[in-house]
Amino acid sequence: MLTGIFTPTACAECKLCCNFHRSSAWETPALQNEQIFLLQEMCVPLEKRLDGTTSFYLHFTSNDENEVANCPVLNPCNGCMLPREQRPFECRIWPVRIMRDKSTLVVGIYEQCPALASDGFEKLKKHTLENLLPQILDYARREPNAVREFNSAYKIIWRA
Ligand code: SF4
Ligand code: SF4
């Protein structure tokens with residue numbers, strides 16, 4: 001969905017959103033049924049979360065809080081192994097995220113994404129508000145458990 005705003009090269013070099021510290025393991029993307037079936041066929045390890053969603057199981061090898069684990073479908077050389085249209089919705093719209101701020105839905109952009117330098121933030125904001133918002137709200141309606149609590153690392157661009 002964000003092709004044209006993010007270059008594959010920038011993301012291949014960064015991969016920030018596909019690697020998780022133990023403390024941010026809850027940030028792994030919520031999977032929809034179509035991805036769950038596909039990933040089970042690929043024997044990718046998954047786990048059920050307390051919020052009722054299913055996500056990737058991260059393979060940590062120690063108790064070190066600073067250890068980082070890859071998403072299990074991240075190829076360190078080539079990036080995500082899933083075809084773009086089969087990636088979790090959260091991955092397809094990242095660094096945009098829908099969140100819940102108390103009882104209100106908000107859409108925010110993760111400002112620290114390196115690809116947003118220069119005019120990237122404003123381009124992404126415009127693209128999100130003009131093109132993506134209906135799909136994002138539909139996702140929130142279909143997958144209410146996957147909507148996360150507001151985090152101040154995101155700059156809010158839309159509020160219900
Ligand atoms: S944080 Fe931004 S630049 Fe880095 S991989 Fe994610 S979308 Fe790409
Ligand atoms: S599914 Fe793909 S894009 Fe999403 S976190 Fe895993 S490797 Fe990254």
# chains A, B, ... in the order shown; residues from 1 in each chain; ligands from 1
>>> closest_atom_pairs(of="chain A", to="ligand 2", cutoff="12 Å", atoms="only C-alpha atoms and all ligand atoms", output="tab-separated table")
residue	atom	partner	partner_atom_place_in_ligand_line	distance
A:Pro8	CA	ligand 2	3 (S)	11.6
A:Cys11	CA	ligand 2	3 (S)	9.8
A:Ala12	CA	ligand 2	8 (Fe)	10.3
A:Cys14	CA	ligand 2	8 (Fe)	11.0
A:Lys15	CA	ligand 2	8 (Fe)	7.4
A:Leu16	CA	ligand 2	8 (Fe)	8.6
A:Cys17	CA	ligand 2	5 (S)	6.0
A:Cys18	CA	ligand 2	8 (Fe)	3.8
A:Asn19	CA	ligand 2	5 (S)	7.2
A:Phe20	CA	ligand 2	5 (S)	8.9
A:Ala25	CA	ligand 2	5 (S)	10.9
A:Trp26	CA	ligand 2	5 (S)	11.7
A:Glu27	CA	ligand 2	5 (S)	9.0
A:Thr28	CA	ligand 2	5 (S)	6.4
A:Pro29	CA	ligand 2	5 (S)	6.3
A:Ala30	CA	ligand 2	4 (Fe)	9.4
A:Leu31	CA	ligand 2	1 (S)	8.8
A:Gln32	CA	ligand 2	1 (S)	11.4
A:Gln35	CA	ligand 2	1 (S)	9.3
A:Ile36	CA	ligand 2	1 (S)	11.2
A:Leu38	CA	ligand 2	1 (S)	11.8
A:Leu39	CA	ligand 2	1 (S)	10.0
A:Val44	CA	ligand 2	1 (S)	10.9
A:Pro45	CA	ligand 2	6 (Fe)	11.8
A:Leu46	CA	ligand 2	6 (Fe)	11.6
A:Ser55	CA	ligand 2	1 (S)	9.5
A:Phe56	CA	ligand 2	6 (Fe)	7.9
A:Tyr57	CA	ligand 2	6 (Fe)	10.7
A:Leu58	CA	ligand 2	6 (Fe)	10.4
A:Ala69	CA	ligand 2	5 (S)	10.9
A:Asn70	CA	ligand 2	7 (S)	7.6
A:Cys71	CA	ligand 2	6 (Fe)	4.6
A:Pro72	CA	ligand 2	6 (Fe)	6.6
A:Val73	CA	ligand 2	7 (S)	4.9
A:Leu74	CA	ligand 2	7 (S)	4.0
A:Asn75	CA	ligand 2	7 (S)	7.4
A:Pro76	CA	ligand 2	7 (S)	9.2
A:Cys77	CA	ligand 2	7 (S)	11.4
A:Asn78	CA	ligand 2	7 (S)	10.0
A:Gly79	CA	ligand 2	7 (S)	6.5
A:Cys80	CA	ligand 2	7 (S)	4.1
A:Met81	CA	ligand 2	2 (Fe)	6.5
A:Leu82	CA	ligand 2	2 (Fe)	6.1
A:Pro83	CA	ligand 2	2 (Fe)	8.7
A:Arg84	CA	ligand 2	3 (S)	8.2
A:Glu85	CA	ligand 2	3 (S)	10.7
A:Gln86	CA	ligand 2	1 (S)	8.6
A:Arg87	CA	ligand 2	1 (S)	5.4
A:Pro88	CA	ligand 2	1 (S)	6.0
A:Phe89	CA	ligand 2	4 (Fe)	8.6
A:Glu90	CA	ligand 2	4 (Fe)	7.5
A:Cys91	CA	ligand 2	4 (Fe)	4.6
A:Arg92	CA	ligand 2	3 (S)	7.2
A:Ile93	CA	ligand 2	3 (S)	9.8
A:Trp94	CA	ligand 2	3 (S)	8.6
A:Pro95	CA	ligand 2	3 (S)	10.9
>>> residues_around(residues="stretch 107-121 of chain A", least_positions_apart="5", cutoff="6 Å", atoms="only C-alpha atoms", output="PDB file with N, CA and C atoms, in the first residue's frame")
ATOM      1  N   PRO A  95       4.579   2.723   8.529  1.00  0.00           N
ATOM      2  CA  PRO A  95       4.544   3.171   9.924  1.00  0.00           C
ATOM      3  C   PRO A  95       3.267   3.905  10.332  1.00  0.00           C
ATOM      4  N   VAL A  96       2.167   3.630   9.643  1.00  0.00           N
ATOM      5  CA  VAL A  96       0.862   4.147  10.075  1.00  0.00           C
ATOM      6  C   VAL A  96       0.250   3.096  10.999  1.00  0.00           C
ATOM      7  N   ARG A  97      -0.407   3.525  12.030  1.00  0.00           N
ATOM      8  CA  ARG A  97      -1.049   2.563  12.940  1.00  0.00           C
ATOM      9  C   ARG A  97      -2.370   3.119  13.452  1.00  0.00           C
ATOM     10  N   ILE A  98      -3.359   2.255  13.535  1.00  0.00           N
ATOM     11  CA  ILE A  98      -4.606   2.647  14.194  1.00  0.00           C
ATOM     12  C   ILE A  98      -4.503   2.241  15.659  1.00  0.00           C
ATOM     13  N   ALA A 153       4.856   7.576  20.743  1.00  0.00           N
ATOM     14  CA  ALA A 153       5.859   7.593  19.667  1.00  0.00           C
ATOM     15  C   ALA A 153       5.203   7.860  18.311  1.00  0.00           C
ATOM     16  N   TYR A 154       3.875   7.849  18.302  1.00  0.00           N
ATOM     17  CA  TYR A 154       3.132   8.080  17.057  1.00  0.00           C
ATOM     18  C   TYR A 154       2.540   9.479  17.068  1.00  0.00           C
ATOM     19  N   LYS A 155       2.688  10.193  15.963  1.00  0.00           N
ATOM     20  CA  LYS A 155       2.066  11.509  15.832  1.00  0.00           C
ATOM     21  C   LYS A 155       0.673  11.301  15.242  1.00  0.00           C
ATOM     22  N   ILE A 156      -0.328  11.764  15.971  1.00  0.00           N
ATOM     23  CA  ILE A 156      -1.707  11.549  15.531  1.00  0.00           C
ATOM     24  C   ILE A 156      -2.019  12.416  14.305  1.00  0.00           C
ATOM     25  N   ILE A 157      -2.595  11.778  13.273  1.00  0.00           N
ATOM     26  CA  ILE A 157      -2.981  12.530  12.067  1.00  0.00           C
ATOM     27  C   ILE A 157      -4.495  12.501  11.853  1.00  0.00           C
ATOM     28  N   TRP A 158      -5.175  11.661  12.608  1.00  0.00           N
ATOM     29  CA  TRP A 158      -6.641  11.566  12.448  1.00  0.00           C
ATOM     30  C   TRP A 158      -7.225  11.076  13.764  1.00  0.00           C
TER      31      TRP A 158
END
>>> atom_distance(atom1="atom CA of A:Glu143", atom2="atom CA of A:Ser24")
20.7 Å
>>> select_by_dssp(residues="stretch 32-133 of chain A", states="strand (DSSP E)", output="list of chain:residue names")
A:Leu46, A:Glu47, A:Lys48, A:Thr54, A:Ser55, A:Phe56, A:Val68, A:Ala69, A:Asn70, A:Leu74, A:Asn75, A:Gly79, A:Cys80, A:Val96, A:Arg97, A:Ile98, A:Met99, A:Arg100, A:Asp101, A:Thr104, A:Leu105, A:Val106, A:Val107, A:Gly108, A:Ile109, A:Tyr110
>>> write_last_selection(atoms="N, CA and C atoms", output="CSV table (one decimal), in the first residue's frame")
chain,number,residue,atom,x,y,z
A,46,LEU,N,3.8,-19.8,15.3
A,46,LEU,CA,2.8,-18.7,15.7
A,46,LEU,C,2.4,-18.9,17.2
A,47,GLU,N,1.9,-17.9,17.7
A,47,GLU,CA,1.3,-18.0,19.1
A,47,GLU,C,0.1,-17.1,19.3
A,48,LYS,N,-0.8,-17.6,20.2
A,48,LYS,CA,-2.0,-16.8,20.5
A,48,LYS,C,-1.6,-15.8,21.6
A,54,THR,N,-3.7,-13.7,17.0
A,54,THR,CA,-2.5,-14.6,16.8
A,54,THR,C,-1.4,-13.9,16.1
A,55,SER,N,-0.2,-14.1,16.5
A,55,SER,CA,1.0,-13.5,15.9
A,55,SER,C,2.1,-14.4,15.8
A,56,PHE,N,3.2,-13.9,15.4
A,56,PHE,CA,4.4,-14.7,15.2
A,56,PHE,C,5.0,-15.1,16.6
A,68,VAL,N,17.5,-9.2,20.5
A,68,VAL,CA,16.6,-8.9,19.4
A,68,VAL,C,16.3,-10.2,18.7
A,69,ALA,N,15.0,-10.4,18.4
A,69,ALA,CA,14.6,-11.6,17.6
A,69,ALA,C,14.0,-11.1,16.3
A,70,ASN,N,14.3,-11.7,15.2
A,70,ASN,CA,13.7,-11.4,13.9
A,70,ASN,C,12.3,-12.0,13.9
A,74,LEU,N,11.3,-13.0,8.2
A,74,LEU,CA,12.2,-12.0,7.7
A,74,LEU,C,13.5,-12.7,7.2
A,75,ASN,N,13.8,-12.5,5.9
A,75,ASN,CA,15.0,-13.0,5.4
A,75,ASN,C,16.1,-11.9,5.6
A,79,GLY,N,14.7,-9.2,3.0
A,79,GLY,CA,13.5,-8.7,3.6
A,79,GLY,C,12.4,-9.7,3.8
A,80,CYS,N,11.2,-9.2,3.9
A,80,CYS,CA,10.1,-10.1,4.2
A,80,CYS,C,9.9,-11.1,3.1
A,96,VAL,N,2.2,3.6,9.6
A,96,VAL,CA,0.9,4.1,10.1
A,96,VAL,C,0.2,3.1,11.0
A,97,ARG,N,-0.4,3.5,12.0
A,97,ARG,CA,-1.0,2.6,12.9
A,97,ARG,C,-2.4,3.1,13.5
A,98,ILE,N,-3.4,2.3,13.5
A,98,ILE,CA,-4.6,2.6,14.2
A,98,ILE,C,-4.5,2.2,15.7
A,99,MET,N,-4.9,3.1,16.5
A,99,MET,CA,-4.8,2.9,18.0
A,99,MET,C,-6.1,3.4,18.7
A,100,ARG,N,-6.2,3.0,19.9
A,100,ARG,CA,-7.3,3.4,20.8
A,100,ARG,C,-6.8,4.4,21.8
A,101,ASP,N,-7.3,5.6,21.8
A,101,ASP,CA,-6.9,6.6,22.9
A,101,ASP,C,-8.1,6.8,23.8
A,104,THR,N,-11.5,6.5,22.0
A,104,THR,CA,-11.5,7.1,20.7
A,104,THR,C,-10.5,6.4,19.8
A,105,LEU,N,-10.9,6.2,18.5
A,105,LEU,CA,-9.9,5.6,17.6
A,105,LEU,C,-9.1,6.8,17.1
A,106,VAL,N,-7.8,6.5,17.0
A,106,VAL,CA,-6.9,7.5,16.4
A,106,VAL,C,-6.0,6.8,15.4
A,107,VAL,N,-5.5,7.6,14.4
A,107,VAL,CA,-4.5,7.0,13.4
A,107,VAL,C,-3.3,7.9,13.6
A,108,GLY,N,-2.1,7.2,13.7
A,108,GLY,CA,-0.9,7.9,13.9
A,108,GLY,C,0.2,7.4,13.0
A,109,ILE,N,1.3,8.2,13.0
A,109,ILE,CA,2.5,7.8,12.2
A,109,ILE,C,3.7,7.7,13.1
A,110,TYR,N,4.4,6.6,13.0
A,110,TYR,CA,5.6,6.4,13.8
A,110,TYR,C,6.7,7.4,13.2
>>> closest_residue(among="A:Glu13, A:Lys125, A:Gly52, A:Phe37", to="ligand 1", atoms="only C-alpha atoms and all ligand atoms")
A:Glu13
